[in-house]
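K.L.:
The structure file my_file.json (JSON, C-alpha atoms) is provided below.
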[["chain", "number", "residue", "atom", "x", "y", "z"],
["R", 1, "MET", "CA", 8.12, 120.72, -72.22],
["R", 2, "PRO", "CA", 11.06, 121.36, -69.87],
["R", 3, "LYS", "CA", 13.80, 123.57, -71.24],
["R", 4, "VAL", "CA", 16.97, 121.49, -71.45],
["R", 5, "ILE", "CA", 20.28, 123.29, -70.93],
["R", 6, "SER", "CA", 23.44, 121.35, -71.55],
["R", 7, "ASN", "CA", 27.04, 122.47, -71.89],
["R", 8, "PRO", "CA", 29.17, 120.00, -73.87],
["R", 9, "SER", "CA", 32.37, 121.93, -73.33],
["R", 10, "ASN", "CA", 34.10, 122.44, -70.01],
["R", 11, "LEU", "CA", 33.11, 126.10, -69.60],
["R", 12, "GLN", "CA", 32.51, 127.15, -66.01],
["R", 13, "VAL", "CA", 29.29, 129.07, -66.68],
["R", 14, "LEU", "CA", 26.52, 126.61, -67.56],
["R", 15, "TYR", "CA", 23.57, 129.00, -67.68],
["R", 16, "GLU", "CA", 22.89, 132.66, -67.06],
["R", 17, "ASP", "CA", 19.99, 135.08, -67.39],
["R", 18, "ASN", "CA", 18.89, 138.26, -65.62],
["R", 19, "HIS", "CA", 17.98, 136.44, -62.41],
["R", 20, "ILE", "CA", 20.26, 133.42, -61.97],
["R", 21, "ILE", "CA", 23.69, 132.10, -62.87],
["R", 22, "VAL", "CA", 24.76, 128.44, -62.74],
["R", 23, "VAL", "CA", 28.42, 127.41, -62.71],
["R", 24, "ASN", "CA", 30.35, 124.16, -62.84],
["R", 25, "LYS", "CA", 32.41, 124.16, -59.65],
["R", 26, "ARG", "CA", 35.96, 122.87, -59.73],
["R", 27, "ALA", "CA", 37.44, 120.66, -57.04],
["R", 28, "GLY", "CA", 39.01, 122.76, -54.31],
["R", 29, "ASP", "CA", 36.72, 125.75, -54.70],
["R", 30, "ILE", "CA", 34.72, 126.74, -51.63],
["R", 31, "VAL", "CA", 31.26, 128.07, -52.45],
["R", 32, "GLN", "CA", 31.14, 130.62, -49.63],
["R", 33, "GLY", "CA", 33.88, 132.17, -47.50],
["R", 34, "ASP", "CA", 35.03, 130.24, -44.43],
["R", 35, "LYS", "CA", 37.73, 130.35, -41.76],
["R", 36, "THR", "CA", 40.43, 129.37, -44.28],
["R", 37, "GLY", "CA", 40.24, 132.82, -45.80],
["R", 38, "ASP", "CA", 40.53, 131.33, -49.30],
["R", 39, "ARG", "CA", 38.75, 133.20, -52.07],
["R", 40, "PRO", "CA", 35.27, 131.69, -52.42],
["R", 41, "LEU", "CA", 33.48, 130.80, -55.63],
["R", 42, "SER", "CA", 30.81, 133.39, -54.81],
["R", 43, "ASP", "CA", 33.46, 136.11, -54.97],
["R", 44, "ILE", "CA", 34.80, 134.79, -58.27],
["R", 45, "VAL", "CA", 31.29, 134.84, -59.77],
["R", 46, "LYS", "CA", 30.70, 138.39, -58.48],
["R", 47, "ASN", "CA", 33.91, 139.49, -60.15],
["R", 48, "TYR", "CA", 32.87, 137.80, -63.40],
["R", 49, "LEU", "CA", 29.54, 139.65, -63.36],
["R", 50, "LYS", "CA", 31.16, 142.97, -62.43],
["R", 51, "TYR", "CA", 33.50, 142.89, -65.41],
["R", 52, "LYS", "CA", 31.09, 141.30, -67.89],
["R", 53, "TYR", "CA", 28.48, 143.99, -67.33],
["R", 54, "ASN", "CA", 30.87, 146.79, -66.34],
["R", 55, "LYS", "CA", 29.09, 147.32, -63.03],
["R", 56, "PRO", "CA", 30.54, 150.26, -61.06],
["R", 57, "GLY", "CA", 29.29, 149.32, -57.58],
["R", 58, "ASN", "CA", 28.82, 146.16, -55.56],
["R", 59, "VAL", "CA", 27.35, 143.15, -57.33],
["R", 60, "PHE", "CA", 24.45, 141.31, -55.69],
["R", 61, "LEU", "CA", 24.87, 137.54, -55.58],
["R", 62, "GLY", "CA", 22.86, 135.18, -53.40],
["R", 63, "VAL", "CA", 24.19, 131.78, -52.38],
["R", 64, "VAL", "CA", 21.33, 129.28, -52.74],
["R", 65, "HIS", "CA", 23.08, 125.99, -51.90],
["R", 66, "ARG", "CA", 26.58, 124.60, -51.44],
["R", 67, "LEU", "CA", 28.82, 121.72, -52.48],
["R", 68, "ASP", "CA", 31.62, 120.24, -50.39],
["R", 69, "ARG", "CA", 35.03, 121.68, -51.24],
["R", 70, "PRO", "CA", 36.44, 118.51, -52.91],
["R", 71, "THR", "CA", 33.22, 117.94, -54.90],
["R", 72, "THR", "CA", 32.67, 119.20, -58.46],
["R", 73, "GLY", "CA", 29.58, 120.19, -60.39],
["R", 74, "ILE", "CA", 26.54, 122.42, -60.48],
["R", 75, "VAL", "CA", 26.18, 125.41, -58.17],
["R", 76, "LEU", "CA", 23.26, 127.81, -58.55],
["R", 77, "PHE", "CA", 23.43, 131.47, -57.52],
["R", 78, "SER", "CA", 20.79, 134.20, -57.51],
["R", 79, "LYS", "CA", 21.62, 137.47, -59.28],
["R", 80, "THR", "CA", 18.64, 139.39, -57.85],
["R", 81, "SER", "CA", 17.05, 139.93, -54.46],
["R", 82, "LYS", "CA", 13.72, 139.06, -56.08],
["R", 83, "ALA", "CA", 14.84, 135.56, -57.09],
["R", 84, "LEU", "CA", 16.79, 134.65, -53.95],
["R", 85, "PRO", "CA", 13.92, 134.04, -51.47],
["R", 86, "ARG", "CA", 12.02, 132.12, -54.13],
["R", 87, "LEU", "CA", 15.03, 129.87, -54.75],
["R", 88, "ASN", "CA", 15.62, 129.45, -51.01],
["R", 89, "LYS", "CA", 11.98, 128.36, -50.62],
["R", 90, "LEU", "CA", 12.33, 125.96, -53.55],
["R", 91, "PHE", "CA", 15.33, 124.25, -51.98],
["R", 92, "ALA", "CA", 13.86, 124.29, -48.46],
["R", 93, "GLU", "CA", 10.75, 122.53, -49.77],
["R", 94, "LYS", "CA", 12.94, 120.01, -51.63],
["R", 95, "LYS", "CA", 11.47, 120.94, -55.00],
["R", 96, "ALA", "CA", 14.88, 121.08, -56.69],
["R", 97, "GLN", "CA", 15.95, 117.67, -58.00],
["R", 98, "LYS", "CA", 19.69, 117.06, -57.60],
["R", 99, "THR", "CA", 21.43, 114.16, -59.33],
["R", 100, "TYR", "CA", 25.05, 113.21, -58.62],
["R", 101, "TRP", "CA", 27.58, 110.86, -60.14],
["R", 102, "ALA", "CA", 30.09, 109.02, -57.96],
["R", 103, "LEU", "CA", 32.94, 106.60, -58.63],
["R", 104, "VAL", "CA", 33.42, 103.75, -56.15],
["R", 105, "LYS", "CA", 35.89, 100.86, -56.23],
["R", 106, "ASN", "CA", 33.98, 98.22, -54.27],
["R", 107, "LYS", "CA", 31.11, 96.33, -55.87],
["R", 108, "PRO", "CA", 27.76, 97.72, -54.69],
["R", 109, "PRO", "CA", 25.63, 95.22, -52.77],
["R", 110, "LYS", "CA", 22.74, 95.88, -55.20],
["R", 111, "ASN", "CA", 22.52, 97.38, -58.68],
["R", 112, "GLU", "CA", 20.07, 99.94, -57.28],
["R", 113, "ASP", "CA", 18.75, 100.68, -53.83],
["R", 114, "LYS", "CA", 17.21, 103.24, -51.50],
["R", 115, "LEU", "CA", 19.45, 104.02, -48.51],
["R", 116, "ILE", "CA", 17.91, 105.26, -45.27],
["R", 117, "HIS", "CA", 20.18, 106.25, -42.40],
["R", 118, "TRP", "CA", 20.33, 108.70, -39.53],
["R", 119, "LEU", "CA", 23.27, 111.10, -39.76],
["R", 120, "LYS", "CA", 24.96, 112.77, -36.84],
["R", 121, "LYS", "CA", 27.39, 115.58, -37.53],
["R", 122, "ASN", "CA", 30.55, 116.07, -35.50],
["R", 123, "PRO", "CA", 31.60, 119.72, -35.92],
["R", 124, "LYS", "CA", 35.03, 119.04, -34.41],
["R", 125, "ASN", "CA", 36.17, 116.94, -37.34],
["R", 126, "ASN", "CA", 33.55, 118.17, -39.83],
["R", 127, "LYS", "CA", 32.31, 114.64, -40.41],
["R", 128, "SER", "CA", 28.92, 112.94, -40.35],
["R", 129, "THR", "CA", 28.41, 109.39, -39.07],
["R", 130, "ALA", "CA", 25.62, 107.27, -40.54],
["R", 131, "TYR", "CA", 23.58, 105.03, -38.23],
["R", 132, "ASN", "CA", 21.06, 102.35, -39.13],
["R", 133, "SER", "CA", 18.60, 103.63, -36.53],
["R", 134, "GLU", "CA", 17.89, 106.98, -34.92],
["R", 135, "VAL", "CA", 20.36, 108.26, -32.32],
["R", 136, "GLU", "CA", 20.40, 111.46, -30.31],
["R", 137, "SER", "CA", 20.75, 114.62, -32.43],
["R", 138, "SER", "CA", 20.67, 112.64, -35.68],
["R", 139, "LYS", "CA", 18.75, 113.54, -38.83],
["R", 140, "LYS", "CA", 17.10, 111.13, -41.25],
["R", 141, "ALA", "CA", 18.87, 110.85, -44.60],
["R", 142, "ILE", "CA", 17.48, 109.22, -47.73],
["R", 143, "LEU", "CA", 19.07, 108.70, -51.12],
["R", 144, "ASN", "CA", 18.56, 106.43, -54.12],
["R", 145, "TYR", "CA", 21.46, 105.04, -56.11],
["R", 146, "LYS", "CA", 21.88, 102.86, -59.17],
["R", 147, "VAL", "CA", 24.89, 101.45, -60.98],
["R", 148, "ILE", "CA", 24.96, 103.00, -64.45],
["R", 149, "LYS", "CA", 28.34, 101.71, -65.64],
["R", 150, "LYS", "CA", 31.00, 99.15, -64.73],
["R", 151, "LEU", "CA", 34.53, 100.32, -65.51],
["R", 152, "ASP", "CA", 37.69, 98.22, -65.33],
["R", 153, "HIS", "CA", 38.26, 98.88, -61.64],
["R", 154, "PHE", "CA", 35.40, 101.16, -60.60],
["R", 155, "TYR", "CA", 31.64, 101.47, -60.63],
["R", 156, "LEU", "CA", 29.82, 104.62, -61.72],
["R", 157, "LEU", "CA", 26.81, 105.36, -59.54],
["R", 158, "GLU", "CA", 23.97, 107.79, -60.19],
["R", 159, "ILE", "CA", 22.52, 109.20, -56.99],
["R", 160, "ASP", "CA", 19.28, 111.09, -56.38],
["R", 161, "LEU", "CA", 18.87, 112.81, -53.04],
["R", 162, "GLU", "CA", 15.58, 112.88, -51.16],
["R", 163, "THR", "CA", 17.11, 114.83, -48.28],
["R", 164, "GLY", "CA", 20.02, 117.25, -48.09],
["R", 165, "ARG", "CA", 22.24, 116.47, -45.10],
["R", 166, "HIS", "CA", 25.85, 117.31, -44.26],
["R", 167, "HIS", "CA", 28.15, 114.98, -46.24],
["R", 168, "GLN", "CA", 25.11, 112.80, -46.91],
["R", 169, "ILE", "CA", 26.26, 110.93, -50.02],
["R", 170, "ARG", "CA", 29.78, 110.47, -48.68],
["R", 171, "SER", "CA", 28.70, 109.09, -45.31],
["R", 172, "GLN", "CA", 25.83, 106.93, -46.55],
["R", 173, "LEU", "CA", 27.88, 105.27, -49.29],
["R", 174, "SER", "CA", 30.75, 104.71, -46.86],
["R", 175, "LYS", "CA", 28.32, 103.09, -44.43],
["R", 176, "ILE", "CA", 27.49, 100.36, -46.97],
["R", 177, "GLY", "CA", 31.15, 99.79, -47.87],
["R", 178, "LEU", "CA", 31.35, 102.12, -50.86],
["R", 179, "PRO", "CA", 33.67, 105.02, -50.00],
["R", 180, "ILE", "CA", 33.98, 107.43, -52.91],
["R", 181, "LYS", "CA", 37.27, 107.40, -54.81],
["R", 182, "GLY", "CA", 39.72, 109.82, -53.19],
["R", 183, "ASP", "CA", 37.61, 110.41, -50.06],
["R", 184, "LEU", "CA", 40.10, 109.73, -47.26],
["R", 185, "LYS", "CA", 37.73, 111.18, -44.66],
["R", 186, "TYR", "CA", 35.17, 108.47, -45.35],
["R", 187, "GLY", "CA", 37.43, 105.49, -45.81],
["R", 188, "PHE", "CA", 38.94, 105.46, -49.29],
["R", 189, "PRO", "CA", 42.60, 104.38, -48.92],
["R", 190, "ARG", "CA", 44.22, 106.88, -51.33],
["R", 191, "SER", "CA", 43.63, 110.51, -52.19],
["R", 192, "ASN", "CA", 43.15, 111.82, -55.72],
["R", 193, "ASN", "CA", 46.09, 113.74, -57.16],
["R", 194, "ASP", "CA", 44.16, 117.04, -57.16],
["R", 195, "ALA", "CA", 42.71, 116.50, -53.65],
["R", 196, "SER", "CA", 39.26, 116.07, -55.15],
["R", 197, "ILE", "CA", 36.82, 113.27, -54.43],
["R", 198, "SER", "CA", 35.12, 111.57, -57.36],
["R", 199, "LEU", "CA", 31.68, 113.00, -56.62],
["R", 200, "HIS", "CA", 30.10, 115.27, -59.22],
["R", 201, "ALA", "CA", 26.84, 117.24, -59.07],
["R", 202, "LYS", "CA", 25.73, 116.21, -62.55],
["R", 203, "GLN", "CA", 22.21, 117.59, -62.99],
["R", 204, "LEU", "CA", 19.83, 120.07, -61.40],
["R", 205, "VAL", "CA", 16.12, 120.32, -62.26],
["R", 206, "PHE", "CA", 14.09, 123.22, -60.90],
["R", 207, "VAL", "CA", 11.43, 125.75, -61.80],
["R", 208, "HIS", "CA", 12.85, 129.16, -62.68],
["R", 209, "PRO", "CA", 11.98, 131.59, -59.87],
["R", 210, "VAL", "CA", 10.69, 134.29, -62.26],
["R", 211, "LYS", "CA", 10.02, 132.72, -65.66],
["R", 212, "LYS", "CA", 8.29, 129.72, -64.05],
["R", 213, "GLU", "CA", 9.66, 127.32, -66.67],
["R", 214, "THR", "CA", 11.36, 124.07, -65.75],
["R", 215, "LEU", "CA", 15.12, 124.12, -66.27],
["R", 216, "ILE", "CA", 17.21, 120.97, -66.65],
["R", 217, "ILE", "CA", 20.88, 121.87, -66.28],
["R", 218, "THR", "CA", 23.71, 119.39, -66.73],
["R", 219, "ALA", "CA", 27.40, 119.79, -65.93],
["R", 220, "PRO", "CA", 30.28, 118.15, -67.81],
["R", 221, "VAL", "CA", 32.40, 115.85, -65.66],
["R", 222, "PRO", "CA", 35.95, 116.94, -64.71],
["R", 223, "ASP", "CA", 38.93, 116.24, -66.94],
["R", 224, "GLY", "CA", 40.72, 112.96, -66.28],
["R", 225, "THR", "CA", 40.95, 109.52, -67.82],
["R", 226, "LEU", "CA", 38.57, 107.83, -65.39],
["R", 227, "TRP", "CA", 35.81, 110.42, -65.64],
["R", 228, "GLN", "CA", 36.10, 110.46, -69.43],
["R", 229, "ALA", "CA", 35.86, 106.65, -69.50],
["R", 230, "ALA", "CA", 32.73, 106.90, -67.39],
["R", 231, "CYS", "CA", 31.13, 109.06, -70.09],
["R", 232, "GLU", "CA", 31.97, 106.83, -73.05],
["R", 233, "SER", "CA", 29.03, 105.02, -74.58]]
For this file, produce the structure as structure tokens.
P.N.:
Amino acid sequence: MPKVISNPSNLQVLYEDNHIIVVNKRAGDIVQGDKTGDRPLSDIVKNYLKYKYNKPGNVFLGVVHRLDRPTTGIVLFSKTSKALPRLNKLFAEKKAQKTYWALVKNKPPKNEDKLIHWLKKNPKNNKSTAYNSEVESSKKAILNYKVIKKLDHFYLLEIDLETGRHHQIRSQLSKIGLPIKGDLKYGFPRSNNDASISLHAKQLVFVHPVKKETLIITAPVPDGTLWQAACES
């Protein structure tokens, strides 16, 4: 049986053992350092480990995957050089199952659907454009979505990725008229107060790189009336 790991409170650390650490990223955090010079989440996690275990020297931490800065949810890091290449291979071979939640205002054309587009990234504006057919320098993008709840003014979507492209969920949903709440870059008319977008990496399923057991890790949604309403039964 898979080992289920859930964190009902809003703690940042969702799971940790000798080889890996999983955290619940906040909106605004960058996973790895960039040209902004802002302190990255990887540095914050290193500092956490350094003080928790009273490590005198440098702390090893491997970045396995990333989330967009305004997105919240699960981020997995490797704590050992033994686990890192195994995790990299797992993600490269698409053997890690990532499930997201998104809030959209417009009514989805179908209650559930598979979206197939070709995405082309523009590095100048850090944006990907979705096309219905292949264009030069584009990459095929596939996701599956389903409506899991209708709120007063929004729809809660659950999204499973089959590919991992730049801004994939944001650009593909925008292409079918469903920009994510707060996502000005992809067509939503208003920003969220905290500069987040209402996209949350909710669950990650993968085989532990050393223990070889299946882990199912879930992340609590951010604080806020709308997200909390989305979670009510």
K.L.:
May I have the protein, DNA and RNA residues with an atom at most 10 Å from (34.3, 101.5, -49.0), counting only C-alpha atoms in the file's coordinates, returned as a list in words?
P.N.:
Val104, Lys105, Asn106, Lys107, Pro108, Leu173, Ser174, Lys175, Ile176, Gly177, Leu178, Pro179, Ile180, Lys181, Asp183, Tyr186, Gly187, Phe188 and Pro189 of chain R
K.L.:
Near Lys202 of chain R, counting only C-alpha atoms, which residues have an atom at most 6 Å away, once you skip same-chain residues fewer than 5 positions from it, shown as a PyMOL selection string?
P.N.:
chain R and resi 73+99-100+218-219
K.L.:
Residues within 8 Å of segment 37-47 of chain R, please, as a compact mmCIF listing (two decimals) with C-alpha atoms, keeping the file's coordinate frame. Count all atoms listed in the file; anything in the same chain fewer than 4 positions from it doesn't count.
P.N.:
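Written output follows (selection.txt):
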# COMPACT_ATOMS: atom_id res chain seq x y z
CA LYS R 25 32.41 124.16 -59.65
CA ASP R 29 36.72 125.75 -54.70
CA ILE R 30 34.72 126.74 -51.63
CA VAL R 31 31.26 128.07 -52.45
CA GLN R 32 31.14 130.62 -49.63
CA GLY R 33 33.88 132.17 -47.50
CA TYR R 51 33.50 142.89 -65.41
CA VAL R 59 27.35 143.15 -57.33
CA PHE R 60 24.45 141.31 -55.69
CA LEU R 61 24.87 137.54 -55.58
CA VAL R 63 24.19 131.78 -52.38
K.L.:
For Ala141 of chain R, which of R:Leu157, R:Ile116, R:His208, R:Lys121 is the closest residue, counting only C-alpha atoms?
P.N.:
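Smallest distance to Ala141 of chain R is found for R:Ile116.
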K.L.:
What is the distance between atom CA of Lys52 of chain R and atom CA of Ala27 of chain R, in Å to one decimal?
P.N.:
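Taking atom CA of Lys52 of chain R as the start and atom CA of Ala27 of chain R as the end point, the length is 24.2 Å.
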K.L.:
For atom CA of Leu14 of chain R and atom CA of Arg165 of chain R, determine how far apart the two atoms are, in Å to one decimal place.
P.N.:
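Pair atom CA of Leu14 of chain R / atom CA of Arg165 of chain R returns 25.0 Å.
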K.L.:
Counting all atoms listed in the file, which of R:Trp101, R:Tyr53, R:Phe77, R:Tyr48 gets nearest to Ile21 of chain R?
P.N.:
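When distances to Ile21 of chain R are compared using all atoms listed in the file, the smallest one comes from R:Phe77.
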K.L.:
Atom CA of Arg190 of chain R to atom CA of Lys127 of chain R: how many Å, to one decimal?
P.N.:
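That distance, rounded to one decimal, is 17.9 Å.
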K.L.:
Determine the nearest neighbour of Gly224 of chain R from the options R:Asn192, R:Leu87, R:His153, R:Val205, counting all atoms listed in the file.
P.N.:
R:Asn192
K.L.:
Find the spatial neighbours of Ala229 of chain R, counting all atoms listed in the file, within a cut-off of 10 Å - ignore same-chain residues fewer than 4 positions away - and output them as a list in words.
P.N.:
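Selected residues are Lys149, Leu151, Asp152, Gly224, Thr225 and Ser233 of chain R.
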K.L.:
Looking at all atoms listed in the file, which of R:Thr36, R:Gln172, R:Asn144, R:Asn125 is the one that sits closest to Asp113 of chain R?
P.N.:
R:Asn144
